[in-house]
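Q: Quick one: the structure is below, questions incoming.
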Amino acid sequence: MSTQLLQTTILNEQFLKIDYSQYNSSVATIHRHLEESKDELTGWINAPLEDNQELIHSIQTIAEEIKANADLLVVIGIGGSYLGAKAIQDSLTPYFGQQTDGIEVIYAGQNMSGAYINQLLNSLAEKEVYINVISKSGSTMEPALAFRVLRQYMEKRYGEEASERIVVTTDPEIGLLREIAAFHHYRQFVIPPNIGGRYSVLTPVGLLPIAVAGVDIKELLEGAKEAAMLLKEGNLEHNEAYRYAVIRHALYTLGYKVELLASFEPALANFHDWWKQLFGESEGKDQKGLFPATVNYSTDLHAIGQFIQDGSPILFETLLHFHEIKDDYQVPYDARDEDRLNYLANRSFNKINTTSKQGTAIAHAEGGVPVIQLELAKLDAFHFGYLIYFFMKACAMSAYLIDVNPFDQPGVEAYKTKMLQLLTAEDIKK
Ligand code: PA5
């Protein structure tokens with residue numbers, strides 16, 4: 001029995017016949033590189049093991065201040081500077097209404113829609129507002145534009161007090177945002193220079209917004225710490241993150257080019273987006289890498305379930321399952337049974353959902369779709385912290401297995417350069 005908190009199994013192992021032993025040496029080499037490298041963006045590997053009491057205290061102190069003085073926190077950021085916070089917030093706070101010990105947290109600067117920013121501004125009037133602007137580089141266009149608009153709004157509305165209601169999270173040494181923060185005396189949190197955007201969710205980037213939303217950040221970090229300890233093992237046989245990375249790699253080399261992450265809890269939809277960015281930006285380079293796609297079941301079984309079962313055999317599926325979900329409801333008995341559903345009476349919705357997961361997994365596996373199952377005991381802050389770290393470690397291993405750098409994103413620059421050329425040309429024409 002594995003001591004890991006997350007179990008990885010592949011349902012159709014019998015016909016896929018993955019020879020794990022051929023990976024032993026490359027996994028051990030990459031493991032050493034990840035653990036020992038000092039000059040790369042690998043600060044996230046040991047961060048959960050370091051003493052973080054002071055950081056937790058300062059985040060909780062500002063979070064308490066925000067909750068006491070505001071109805072709403074607007075988080076400005078894009079990519080790795082917002083997806084993690086949104087993922088955790090949505091996964092661990094109630095579907096309707098707010099967490100009792102949190103306030104509303106909304107996001108801006110993750111798009112350039114005029115309608116979005118206009119409607120967001122219009123929605124602020126009745127609420128007391130704080131802003132947390134997050135950008136490692138300090139100059140990404142989407143959040144910079146949103147911050148310009150929201151900074152002006154805050155100054156107009158709160159006057160000098162605005163500078164107390166704006167909190168900046170950025171690199172400690174470089175960037176325009178750091179300069180703006182220093183000039184206006186905004187309070188600052190630091191993104192460690194050796195932690196890149198999509199690996200930064202367990203730093204103040206993710207922690208401040210979710211603390212304000214009411215998530216227990218201590219528990220989340222405890223879960224990440226547990227993962228950092230258990231996944232420090234270089235031996236493939238004892239490291240579930242590496243085992244998952246190797247299964248993905250084996251399927252990739254067999255010709256499956258799409259990984260479909262699937263869960264049965266709608267709260268995880270934004271976690272899917274975080275996962276998609278983590279793997280997509282880390283692996284998709286040099287004409288290599290799995291395309292990360294996601295589905296939320298059972299909703300999507302009625303949308304693209306047909307393709308998954310019977311369409312082009314390009315994908316494998318990774319089913320993410322939490323055995324215990326906090327809230328549940330029992331199907332009521334109905335004396336008239338007009339809908340013929342009494343055979344389900346008194347059963348729990350979550351159990352029916354789990355049975356539908358089992359049925360889906362078997363049907364897909366029998367239909368020839370390789371199915372990996374990732375199972376955790378409970379959907380709570382502790383297990384979520386564990387899962388986040390598990391995926392980051394698996395992702396770094398996966399990228400190195402196809403010989404690409406997990407920590408850069410050179411392809412993202414292409415659209416920025418073209419957009420800037422077009423915007424500058426439009427400016428000249430004006
Ligand atoms: O993973 C990454 O590094 C990127 O997705 C960045 O997080 C994203 O581009 C935002 O960058 P920044 O935080 O510098 O504004």
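Ordering of the structure tokens sets the chain letters (A, B, ...); residue numbers start at 1 within each chain; ligands are numbered from 1 in the order shown.
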Residues near A:Ala181, anyone? I mean within 10 Å using only C-alpha atoms, not counting same-chain ones fewer than 2 positions away, as a list in words.
A: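 The residues that qualify are Ser163, Ile166, Val167, Val168, Thr169, Thr170, Leu176, Leu177, Arg178, Glu179, Phe183, His184, His185, Tyr186, Arg187 and Gln188 of chain A.
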Q: I need the chosen residues saved as an mmCIF file, in the first residue's frame, with N, CA, C and O atoms.
A:
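Printed below is result_39.cif as written:
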data_model
loop_
_atom_site.group_PDB
_atom_site.id
_atom_site.type_symbol
_atom_site.label_atom_id
_atom_site.label_comp_id
_atom_site.auth_asym_id
_atom_site.auth_seq_id
_atom_site.Cartn_x
_atom_site.Cartn_y
_atom_site.Cartn_z
ATOM 1 N N SER A 163 -4.154 54.605 -1.615
ATOM 2 C CA SER A 163 -2.867 53.895 -1.544
ATOM 3 C C SER A 163 -2.860 52.837 -0.438
ATOM 4 O O SER A 163 -2.078 51.894 -0.475
ATOM 5 N N ILE A 166 -4.632 49.489 -1.960
ATOM 6 C CA ILE A 166 -4.026 48.793 -3.104
ATOM 7 C C ILE A 166 -2.822 47.998 -2.604
ATOM 8 O O ILE A 166 -1.927 48.560 -1.960
ATOM 9 N N VAL A 167 -2.817 46.705 -2.865
ATOM 10 C CA VAL A 167 -1.687 45.843 -2.457
ATOM 11 C C VAL A 167 -1.072 45.268 -3.730
ATOM 12 O O VAL A 167 -1.785 44.777 -4.613
ATOM 13 N N VAL A 168 0.259 45.350 -3.812
ATOM 14 C CA VAL A 168 0.968 44.914 -5.015
ATOM 15 C C VAL A 168 1.735 43.622 -4.719
ATOM 16 O O VAL A 168 2.355 43.486 -3.669
ATOM 17 N N THR A 169 1.676 42.675 -5.652
ATOM 18 C CA THR A 169 2.468 41.446 -5.544
ATOM 19 C C THR A 169 3.332 41.361 -6.800
ATOM 20 O O THR A 169 2.805 41.234 -7.905
ATOM 21 N N THR A 170 4.655 41.466 -6.621
ATOM 22 C CA THR A 170 5.534 41.519 -7.795
ATOM 23 C C THR A 170 6.950 41.078 -7.436
ATOM 24 O O THR A 170 7.229 40.704 -6.295
ATOM 25 N N LEU A 176 8.173 47.677 -13.742
ATOM 26 C CA LEU A 176 7.477 48.960 -13.581
ATOM 27 C C LEU A 176 6.517 48.958 -12.397
ATOM 28 O O LEU A 176 6.361 49.966 -11.708
ATOM 29 N N LEU A 177 5.895 47.806 -12.169
ATOM 30 C CA LEU A 177 4.915 47.736 -11.085
ATOM 31 C C LEU A 177 5.582 47.989 -9.733
ATOM 32 O O LEU A 177 5.025 48.664 -8.859
ATOM 33 N N ARG A 178 6.782 47.458 -9.593
ATOM 34 C CA ARG A 178 7.533 47.664 -8.345
ATOM 35 C C ARG A 178 7.827 49.163 -8.164
ATOM 36 O O ARG A 178 7.688 49.717 -7.076
ATOM 37 N N GLU A 179 8.159 49.824 -9.295
ATOM 38 C CA GLU A 179 8.444 51.276 -9.216
ATOM 39 C C GLU A 179 7.188 52.066 -8.853
ATOM 40 O O GLU A 179 7.218 52.976 -8.020
ATOM 41 N N PHE A 183 6.619 54.356 -5.489
ATOM 42 C CA PHE A 183 6.266 55.773 -5.593
ATOM 43 C C PHE A 183 4.994 56.102 -4.792
ATOM 44 O O PHE A 183 4.919 57.114 -4.107
ATOM 45 N N HIS A 184 3.998 55.210 -4.874
ATOM 46 C CA HIS A 184 2.706 55.490 -4.212
ATOM 47 C C HIS A 184 2.620 54.905 -2.795
ATOM 48 O O HIS A 184 1.569 54.989 -2.165
ATOM 49 N N HIS A 185 3.703 54.288 -2.346
ATOM 50 C CA HIS A 185 3.727 53.639 -1.022
ATOM 51 C C HIS A 185 2.660 52.567 -0.874
ATOM 52 O O HIS A 185 2.047 52.430 0.192
ATOM 53 N N TYR A 186 2.424 51.804 -1.959
ATOM 54 C CA TYR A 186 1.511 50.660 -1.824
ATOM 55 C C TYR A 186 2.236 49.575 -1.049
ATOM 56 O O TYR A 186 3.448 49.397 -1.192
ATOM 57 N N ARG A 187 1.473 48.803 -0.272
ATOM 58 C CA ARG A 187 2.109 47.660 0.393
ATOM 59 C C ARG A 187 2.419 46.575 -0.629
ATOM 60 O O ARG A 187 1.668 46.393 -1.597
ATOM 61 N N GLN A 188 3.544 45.888 -0.383
ATOM 62 C CA GLN A 188 3.992 44.914 -1.396
ATOM 63 C C GLN A 188 4.225 43.531 -0.829
ATOM 64 O O GLN A 188 4.755 43.396 0.273
#
Q: Write out as a PyMOL selection string which residues come within 7 Å of A:Ala63 when counting only C-alpha atoms, dropping same-chain ones fewer than 6 positions away.
A: chain A and resi 208+211-212
Q: Report the residues of stretch 149-190 of chain A whose backbone DSSP state falls under helix (DSSP H, G or I), written as a PyMOL selection string.
A: chain A and resi 149-164+176-184
Q: For C-alpha atoms, I'd like the residues from the last selection saved as a PDB file, in the first residue's frame.
A:
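Below you can see selection25.pdb, which holds the result:
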ATOM      1  CA  VAL A 149      -8.232  51.986 -15.011  1.00  0.00           C
ATOM      2  CA  LEU A 150      -8.771  50.664 -11.481  1.00  0.00           C
ATOM      3  CA  ARG A 151      -6.048  52.837  -9.948  1.00  0.00           C
ATOM      4  CA  GLN A 152      -7.725  55.934 -11.359  1.00  0.00           C
ATOM      5  CA  TYR A 153     -11.063  54.669 -10.061  1.00  0.00           C
ATOM      6  CA  MET A 154      -9.642  54.103  -6.570  1.00  0.00           C
ATOM      7  CA  GLU A 155      -7.928  57.525  -6.477  1.00  0.00           C
ATOM      8  CA  LYS A 156     -11.113  59.279  -7.566  1.00  0.00           C
ATOM      9  CA  ARG A 157     -13.228  57.406  -5.076  1.00  0.00           C
ATOM     10  CA  TYR A 158     -10.947  57.166  -2.024  1.00  0.00           C
ATOM     11  CA  GLY A 159      -8.485  60.072  -2.526  1.00  0.00           C
ATOM     12  CA  GLU A 160      -5.342  59.602  -0.410  1.00  0.00           C
ATOM     13  CA  GLU A 161      -6.787  56.490   1.226  1.00  0.00           C
ATOM     14  CA  ALA A 162      -6.511  54.712  -2.150  1.00  0.00           C
ATOM     15  CA  SER A 163      -2.867  53.895  -1.544  1.00  0.00           C
ATOM     16  CA  GLU A 164      -3.857  51.956   1.588  1.00  0.00           C
ATOM     17  CA  LEU A 176       7.477  48.960 -13.581  1.00  0.00           C
ATOM     18  CA  LEU A 177       4.915  47.736 -11.085  1.00  0.00           C
ATOM     19  CA  ARG A 178       7.533  47.664  -8.345  1.00  0.00           C
ATOM     20  CA  GLU A 179       8.444  51.276  -9.216  1.00  0.00           C
ATOM     21  CA  ILE A 180       4.802  52.388  -9.200  1.00  0.00           C
ATOM     22  CA  ALA A 181       4.292  50.652  -5.835  1.00  0.00           C
ATOM     23  CA  ALA A 182       7.333  52.342  -4.312  1.00  0.00           C
ATOM     24  CA  PHE A 183       6.266  55.773  -5.593  1.00  0.00           C
ATOM     25  CA  HIS A 184       2.706  55.490  -4.212  1.00  0.00           C
TER      26      HIS A 184
END
Q: Just the residues within 9 Å of A:Phe349, please, counting only C-alpha atoms, with nothing from its chain fewer than 3 positions along; format it as a PDB file with N, CA, C and O atoms, in the first residue's frame.
A:
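Heads up, here's the output in around.pdb:
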ATOM      1  N   ASP A 328     -23.582  17.104   0.563  1.00  0.00           N
ATOM      2  CA  ASP A 328     -24.246  16.070  -0.229  1.00  0.00           C
ATOM      3  C   ASP A 328     -25.762  16.232  -0.071  1.00  0.00           C
ATOM      4  O   ASP A 328     -26.237  17.038   0.757  1.00  0.00           O
ATOM      5  N   TYR A 329     -26.520  15.474  -0.813  1.00  0.00           N
ATOM      6  CA  TYR A 329     -27.975  15.532  -0.709  1.00  0.00           C
ATOM      7  C   TYR A 329     -28.529  14.164  -1.081  1.00  0.00           C
ATOM      8  O   TYR A 329     -27.961  13.484  -1.941  1.00  0.00           O
ATOM      9  N   GLN A 330     -29.628  13.785  -0.406  1.00  0.00           N
ATOM     10  CA  GLN A 330     -30.216  12.482  -0.732  1.00  0.00           C
ATOM     11  C   GLN A 330     -31.386  12.620  -1.691  1.00  0.00           C
ATOM     12  O   GLN A 330     -32.216  13.517  -1.542  1.00  0.00           O
ATOM     13  N   VAL A 331     -31.478  11.709  -2.620  1.00  0.00           N
ATOM     14  CA  VAL A 331     -32.609  11.723  -3.555  1.00  0.00           C
ATOM     15  C   VAL A 331     -33.875  11.408  -2.761  1.00  0.00           C
ATOM     16  O   VAL A 331     -33.925  10.392  -2.052  1.00  0.00           O
ATOM     17  N   ILE A 352     -24.108   8.606  -6.402  1.00  0.00           N
ATOM     18  CA  ILE A 352     -24.557   8.377  -7.789  1.00  0.00           C
ATOM     19  C   ILE A 352     -23.510   8.951  -8.751  1.00  0.00           C
ATOM     20  O   ILE A 352     -23.140   8.337  -9.760  1.00  0.00           O
ATOM     21  N   ASN A 353     -22.983  10.132  -8.395  1.00  0.00           N
ATOM     22  CA  ASN A 353     -21.947  10.782  -9.213  1.00  0.00           C
ATOM     23  C   ASN A 353     -20.711   9.880  -9.326  1.00  0.00           C
ATOM     24  O   ASN A 353     -20.131   9.717 -10.404  1.00  0.00           O
ATOM     25  N   THR A 354     -20.334   9.277  -8.183  1.00  0.00           N
ATOM     26  CA  THR A 354     -19.159   8.391  -8.186  1.00  0.00           C
ATOM     27  C   THR A 354     -19.417   7.156  -9.050  1.00  0.00           C
ATOM     28  O   THR A 354     -18.537   6.692  -9.782  1.00  0.00           O
TER      29      THR A 354
END
Q: Just the residues within 12 Å of A:Pro94, please, counting only C-alpha atoms, with nothing from its chain fewer than 3 positions along; format it as an MDAnalysis selection string.
A: chainID A and resid 88:91 97:104 213:215 266:268 325:327 380
Q: Any chance you could export the current selection's all heavy atoms as a short mmCIF file (atom, residue, chain, number, x, y, z; two decimals), in the first residue's frame?
A:
data_model
loop_
_atom_site.label_atom_id
_atom_site.label_comp_id
_atom_site.auth_asym_id
_atom_site.auth_seq_id
_atom_site.Cartn_x
_atom_site.Cartn_y
_atom_site.Cartn_z
N ILE A 88 -8.24 27.72 -6.77
CA ILE A 88 -8.42 27.30 -5.37
C ILE A 88 -9.70 27.90 -4.81
O ILE A 88 -10.48 27.23 -4.13
CB ILE A 88 -7.20 27.71 -4.51
CG1 ILE A 88 -5.94 27.05 -5.05
CG2 ILE A 88 -7.42 27.33 -3.05
CD1 ILE A 88 -4.66 27.52 -4.41
N GLN A 89 -9.91 29.17 -5.10
CA GLN A 89 -11.12 29.83 -4.60
C GLN A 89 -12.37 29.06 -5.03
O GLN A 89 -13.23 28.72 -4.22
CB GLN A 89 -11.17 31.27 -5.12
CG GLN A 89 -12.39 32.04 -4.63
CD GLN A 89 -12.58 33.35 -5.38
OE1 GLN A 89 -11.67 33.84 -6.05
NE2 GLN A 89 -13.75 33.91 -5.29
N ASP A 90 -12.45 28.78 -6.33
CA ASP A 90 -13.66 28.11 -6.82
C ASP A 90 -13.79 26.68 -6.32
O ASP A 90 -14.89 26.18 -6.12
CB ASP A 90 -13.69 28.12 -8.35
CG ASP A 90 -14.06 29.49 -8.88
OD1 ASP A 90 -14.10 30.44 -8.09
OD2 ASP A 90 -14.32 29.62 -10.09
N SER A 91 -12.65 26.01 -6.12
CA SER A 91 -12.72 24.60 -5.70
C SER A 91 -13.07 24.46 -4.23
O SER A 91 -13.64 23.45 -3.83
CB SER A 91 -11.37 23.91 -5.94
OG SER A 91 -11.01 24.01 -7.30
N GLY A 97 -23.33 31.99 -2.83
CA GLY A 97 -23.02 32.82 -1.66
C GLY A 97 -21.53 32.72 -1.37
O GLY A 97 -20.76 32.17 -2.16
N GLN A 98 -21.14 33.24 -0.20
CA GLN A 98 -19.71 33.27 0.10
C GLN A 98 -19.37 32.40 1.29
O GLN A 98 -20.22 32.07 2.10
CB GLN A 98 -19.29 34.69 0.45
CG GLN A 98 -19.02 35.54 -0.74
CD GLN A 98 -19.39 36.97 -0.43
OE1 GLN A 98 -19.19 37.44 0.67
NE2 GLN A 98 -19.95 37.65 -1.41
N GLN A 99 -18.08 32.11 1.39
CA GLN A 99 -17.54 31.45 2.58
C GLN A 99 -17.86 32.35 3.76
O GLN A 99 -17.71 33.58 3.64
CB GLN A 99 -16.03 31.37 2.38
CG GLN A 99 -15.31 30.55 3.36
CD GLN A 99 -15.20 29.12 2.84
OE1 GLN A 99 -16.17 28.56 2.35
NE2 GLN A 99 -14.04 28.54 2.96
N THR A 100 -18.25 31.79 4.91
CA THR A 100 -18.62 32.66 6.03
C THR A 100 -17.44 33.53 6.49
O THR A 100 -17.62 34.65 6.93
CB THR A 100 -19.13 31.84 7.23
OG1 THR A 100 -18.30 30.70 7.34
CG2 THR A 100 -20.57 31.46 7.07
N ASP A 101 -16.22 33.00 6.40
CA ASP A 101 -15.09 33.83 6.85
C ASP A 101 -14.31 34.44 5.67
O ASP A 101 -13.12 34.69 5.77
CB ASP A 101 -14.15 33.04 7.77
CG ASP A 101 -13.83 31.67 7.21
OD1 ASP A 101 -14.34 31.35 6.12
OD2 ASP A 101 -13.07 30.93 7.85
N GLY A 102 -14.98 34.67 4.56
CA GLY A 102 -14.33 35.32 3.43
C GLY A 102 -15.23 36.37 2.82
O GLY A 102 -16.42 36.44 3.12
N ILE A 103 -14.64 37.21 1.95
CA ILE A 103 -15.47 38.17 1.22
C ILE A 103 -15.38 37.85 -0.27
O ILE A 103 -14.59 36.99 -0.68
CB ILE A 103 -15.06 39.64 1.49
CG1 ILE A 103 -13.60 39.88 1.05
CG2 ILE A 103 -15.29 40.02 2.93
CD1 ILE A 103 -13.26 41.36 0.92
N GLU A 104 -16.15 38.59 -1.07
CA GLU A 104 -16.17 38.34 -2.51
C GLU A 104 -14.81 38.70 -3.13
O GLU A 104 -14.25 39.76 -2.82
CB GLU A 104 -17.28 39.20 -3.12
CG GLU A 104 -17.62 38.83 -4.54
CD GLU A 104 -18.71 39.74 -5.12
OE1 GLU A 104 -19.26 40.60 -4.39
OE2 GLU A 104 -18.98 39.61 -6.32
N ALA A 213 -10.68 35.21 0.37
CA ALA A 213 -11.91 34.47 -0.01
C ALA A 213 -12.33 33.50 1.10
O ALA A 213 -13.41 32.91 1.03
CB ALA A 213 -11.68 33.71 -1.31
N GLY A 214 -11.48 33.31 2.12
CA GLY A 214 -11.87 32.47 3.25
C GLY A 214 -11.27 31.07 3.25
O GLY A 214 -11.69 30.22 4.03
N VAL A 215 -10.28 30.83 2.40
CA VAL A 215 -9.65 29.50 2.37
C VAL A 215 -8.56 29.43 3.44
O VAL A 215 -7.85 30.42 3.68
CB VAL A 215 -9.04 29.23 0.96
CG1 VAL A 215 -8.24 27.93 0.95
CG2 VAL A 215 -10.14 29.20 -0.09
N PRO A 266 -18.16 20.09 -10.51
CA PRO A 266 -18.09 21.34 -11.28
C PRO A 266 -17.18 22.40 -10.66
O PRO A 266 -16.62 23.24 -11.37
CB PRO A 266 -19.54 21.83 -11.34
CG PRO A 266 -20.38 20.79 -10.71
CD PRO A 266 -19.52 19.68 -10.21
N ALA A 267 -17.00 22.34 -9.33
CA ALA A 267 -16.14 23.33 -8.65
C ALA A 267 -14.72 23.29 -9.20
O ALA A 267 -13.96 24.25 -9.03
CB ALA A 267 -16.11 23.05 -7.15
N LEU A 268 -14.35 22.20 -9.84
CA LEU A 268 -12.96 22.05 -10.28
C LEU A 268 -12.71 22.65 -11.67
O LEU A 268 -11.58 22.58 -12.17
CB LEU A 268 -12.57 20.56 -10.28
CG LEU A 268 -12.60 19.90 -8.91
CD1 LEU A 268 -12.47 18.39 -9.02
CD2 LEU A 268 -11.50 20.46 -8.01
N ILE A 325 -16.58 14.56 -0.71
CA ILE A 325 -16.92 15.96 -1.00
C ILE A 325 -17.78 16.44 0.17
O ILE A 325 -18.68 15.71 0.61
CB ILE A 325 -17.73 16.08 -2.32
CG1 ILE A 325 -17.03 15.37 -3.49
CG2 ILE A 325 -18.06 17.54 -2.65
CD1 ILE A 325 -15.94 16.08 -4.18
N LYS A 326 -17.50 17.68 0.64
CA LYS A 326 -18.10 18.14 1.89
C LYS A 326 -19.64 18.03 1.96
O LYS A 326 -20.18 17.48 2.89
CB LYS A 326 -17.66 19.58 2.13
CG LYS A 326 -17.90 20.08 3.53
CD LYS A 326 -17.23 21.42 3.71
CE LYS A 326 -18.05 22.30 4.63
NZ LYS A 326 -18.13 23.67 4.17
N ASP A 327 -20.32 18.56 1.00
CA ASP A 327 -21.78 18.58 1.08
C ASP A 327 -22.39 17.52 0.17
O ASP A 327 -21.80 17.16 -0.84
CB ASP A 327 -22.31 19.96 0.69
CG ASP A 327 -21.95 20.99 1.74
OD1 ASP A 327 -22.13 20.70 2.93
OD2 ASP A 327 -21.45 22.06 1.36
N ASP A 380 -10.48 19.08 0.17
CA ASP A 380 -10.30 20.11 1.20
C ASP A 380 -8.96 20.80 0.98
O ASP A 380 -8.20 20.42 0.06
CB ASP A 380 -10.40 19.52 2.62
CG ASP A 380 -9.31 18.49 2.90
OD1 ASP A 380 -8.38 18.34 2.08
OD2 ASP A 380 -9.39 17.83 3.95
#
Q: Could you report the residues within 6 Å of ligand 1, using only C-alpha atoms and all ligand atoms, as a list in words?
A: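 The residues within 6 Å of ligand 1, counting only C-alpha atoms and all ligand atoms, are Ile78, Gly79, Gly80, Ser81, Ser135, Lys136, Ser137, Gly138, Thr140, Gly196, Gly197 and Arg198 of chain A.
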Q: Can you pull out every residue within 8 Å of A:Trp44, counting only C-alpha atoms, but drop anything in the same chain fewer than 2 positions away, and send it as a list in words?
A: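 Listing them by chain and then by number gives Leu41, Thr42, Asn46, Ala47, Pro48, Asn194, Ile195, Tyr199 and Ser200 of chain A.
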Q: Quick one: of A:Gln373, A:Thr29, A:Asn350, A:Ser312, who's nearest to A:Ala262, counting only C-alpha atoms?
A: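 Once distances to A:Ala262 are computed over only C-alpha atoms, the minimum belongs to A:Gln373.
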Q: Which polymer residues have any atom within 10 Å of an atom of A:Leu120, counting only C-alpha atoms, with same-chain residues fewer than 6 positions away left out, as a ChimeraX atom specification?
A: /A:74,106-108,114,150
Q: Limited to N, CA, C and O atoms, could you put the picked residues into a file as a CSV table (one decimal), in the first residue's frame?
A:
chain,number,residue,atom,x,y,z
A,74,VAL,N,-10.7,43.1,-5.7
A,74,VAL,CA,-10.5,42.9,-7.1
A,74,VAL,C,-9.0,42.5,-7.3
A,74,VAL,O,-8.1,43.2,-7.0
A,106,ILE,N,-13.1,39.0,-7.0
A,106,ILE,CA,-13.3,38.9,-8.4
A,106,ILE,C,-12.0,39.2,-9.1
A,106,ILE,O,-11.1,39.7,-8.5
A,107,TYR,N,-12.0,39.0,-10.4
A,107,TYR,CA,-10.7,39.1,-11.2
A,107,TYR,C,-10.8,40.0,-12.4
A,107,TYR,O,-11.9,40.2,-13.0
A,108,ALA,N,-9.7,40.7,-12.6
A,108,ALA,CA,-9.6,41.7,-13.7
A,108,ALA,C,-8.2,41.5,-14.3
A,108,ALA,O,-7.3,41.0,-13.7
A,114,GLY,N,-13.4,45.3,-23.4
A,114,GLY,CA,-13.9,46.6,-22.9
A,114,GLY,C,-15.2,46.4,-22.1
A,114,GLY,O,-15.5,47.1,-21.2
A,150,LEU,N,-8.3,50.8,-12.9
A,150,LEU,CA,-8.8,50.7,-11.5
A,150,LEU,C,-8.0,51.6,-10.5
A,150,LEU,O,-8.6,52.0,-9.5
Q: Write out as a short mmCIF file (atom, residue, chain, number, x, y, z; two decimals) with N, CA, C and O atoms, in the first residue's frame the residues lying within 10 Å of A:Lys393, counting only C-alpha atoms and excluding same-chain residues fewer than 2 positions away.
A:
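See selection.cif below for the written result:
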data_model
loop_
_atom_site.label_atom_id
_atom_site.label_comp_id
_atom_site.auth_asym_id
_atom_site.auth_seq_id
_atom_site.Cartn_x
_atom_site.Cartn_y
_atom_site.Cartn_z
N HIS A 31 15.51 13.95 -11.82
CA HIS A 31 15.22 14.22 -10.42
C HIS A 31 16.40 14.96 -9.76
O HIS A 31 16.20 15.99 -9.09
N LEU A 34 16.56 18.52 -10.98
CA LEU A 34 15.53 19.38 -10.37
C LEU A 34 15.88 19.73 -8.92
O LEU A 34 15.74 20.87 -8.48
N TRP A 44 10.21 26.71 -6.18
CA TRP A 44 8.97 26.14 -5.67
C TRP A 44 9.17 24.72 -5.12
O TRP A 44 8.35 24.24 -4.34
N ILE A 45 10.26 24.05 -5.50
CA ILE A 45 10.43 22.65 -5.09
C ILE A 45 10.60 22.54 -3.58
O ILE A 45 9.96 21.70 -2.93
N TYR A 199 4.20 28.39 -11.56
CA TYR A 199 4.59 27.59 -10.40
C TYR A 199 4.46 28.42 -9.11
O TYR A 199 5.01 28.05 -8.07
N ALA A 227 3.38 16.87 0.37
CA ALA A 227 3.74 16.44 -1.00
C ALA A 227 5.22 16.66 -1.25
O ALA A 227 5.92 15.80 -1.82
N ALA A 228 5.73 17.83 -0.82
CA ALA A 228 7.15 18.13 -1.06
C ALA A 228 8.03 17.10 -0.37
O ALA A 228 9.09 16.74 -0.89
N LEU A 231 7.27 13.49 -2.25
CA LEU A 231 7.67 13.45 -3.67
C LEU A 231 9.12 13.86 -3.86
O LEU A 231 9.54 14.19 -4.96
N LYS A 232 9.87 13.82 -2.79
CA LYS A 232 11.31 14.08 -2.86
C LYS A 232 12.07 12.81 -3.24
O LYS A 232 13.27 12.81 -3.45
N GLU A 240 4.74 8.98 -6.89
CA GLU A 240 3.53 8.96 -7.73
C GLU A 240 3.53 10.05 -8.80
O GLU A 240 2.97 9.86 -9.88
N ALA A 241 4.15 11.18 -8.50
CA ALA A 241 4.18 12.27 -9.50
C ALA A 241 5.01 11.83 -10.70
O ALA A 241 4.64 12.07 -11.86
N TYR A 242 6.12 11.18 -10.43
CA TYR A 242 6.98 10.72 -11.52
C TYR A 242 6.30 9.57 -12.28
O TYR A 242 6.44 9.44 -13.49
N ALA A 245 3.98 11.11 -14.60
CA ALA A 245 4.72 11.73 -15.72
C ALA A 245 5.18 10.66 -16.72
O ALA A 245 5.09 10.86 -17.94
N LEU A 387 -2.27 18.20 -4.06
CA LEU A 387 -2.51 17.99 -5.50
C LEU A 387 -1.77 19.02 -6.36
O LEU A 387 -1.18 18.68 -7.39
N ILE A 388 -1.80 20.27 -5.91
CA ILE A 388 -1.12 21.34 -6.66
C ILE A 388 0.37 21.02 -6.78
O ILE A 388 0.96 21.07 -7.86
N TYR A 389 0.97 20.65 -5.66
CA TYR A 389 2.41 20.35 -5.68
C TYR A 389 2.68 19.12 -6.54
O TYR A 389 3.63 19.07 -7.31
N PHE A 390 1.81 18.10 -6.40
CA PHE A 390 1.94 16.87 -7.19
C PHE A 390 2.00 17.22 -8.69
O PHE A 390 2.88 16.74 -9.42
N PHE A 391 1.07 18.05 -9.15
CA PHE A 391 1.04 18.37 -10.58
C PHE A 391 2.28 19.18 -11.00
O PHE A 391 2.80 18.99 -12.09
N CYS A 395 4.77 17.86 -13.72
CA CYS A 395 4.90 18.67 -14.94
C CYS A 395 6.37 18.92 -15.27
O CYS A 395 6.78 18.79 -16.43
N ALA A 396 7.16 19.27 -14.25
CA ALA A 396 8.58 19.52 -14.50
C ALA A 396 9.24 18.25 -15.03
O ALA A 396 10.01 18.28 -16.00
N MET A 397 8.91 17.09 -14.42
CA MET A 397 9.47 15.82 -14.89
C MET A 397 9.01 15.54 -16.33
O MET A 397 9.81 15.16 -17.19
N SER A 398 7.73 15.76 -16.60
CA SER A 398 7.18 15.49 -17.94
C SER A 398 7.90 16.29 -19.01
O SER A 398 8.24 15.77 -20.07
#
Q: If you measure from atom CA of A:Ser263 to atom CA of A:Leu6, what distance in Å do you get, rounded to one decimal?
A: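 Spanning atom CA of A:Ser263 to atom CA of A:Leu6 is a straight-line distance of 14.9 Å.
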Q: List every residue of stretch 50-229 of chain A that DSSP, applied to the backbone of this structure, places in strand (DSSP E or B), and write the result as a list in words.
A: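 In stretch 50-229 of chain A, DSSP puts these residues in strand (DSSP E or B): Leu72, Leu73, Val74, Val75, Ile76, Glu104, Val105, Ile106, Tyr107, Ala108, Val129, Tyr130, Ile131, Asn132, Val133, Ile134, Ser135, Ile166, Val167, Val168, Thr169, Thr170, Arg187, Gln188, Phe189 and Val190 of chain A.
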Q: Which residues of stretch 160-259 of chain A come within 7 Å of stretch 7-28 of chain A, and what is each one's closest atom pair and distance in Å (one decimal), counting only C-alpha atoms, sorted by chain and residue number, as a Markdown table?
A:
| residue | atom | partner | partner_atom | distance |
| --- | --- | --- | --- | --- |
| A:Gly234 | CA | A:Ala28 | CA | 5.6 |
| A:Asn235 | CA | A:Ala28 | CA | 6.7 |
| A:Leu236 | CA | A:Asn24 | CA | 6.4 |
| A:Glu240 | CA | A:Thr8 | CA | 6.4 |
| A:Tyr244 | CA | A:Thr8 | CA | 6.5 |
| A:Ala250 | CA | A:Ile18 | CA | 6.8 |
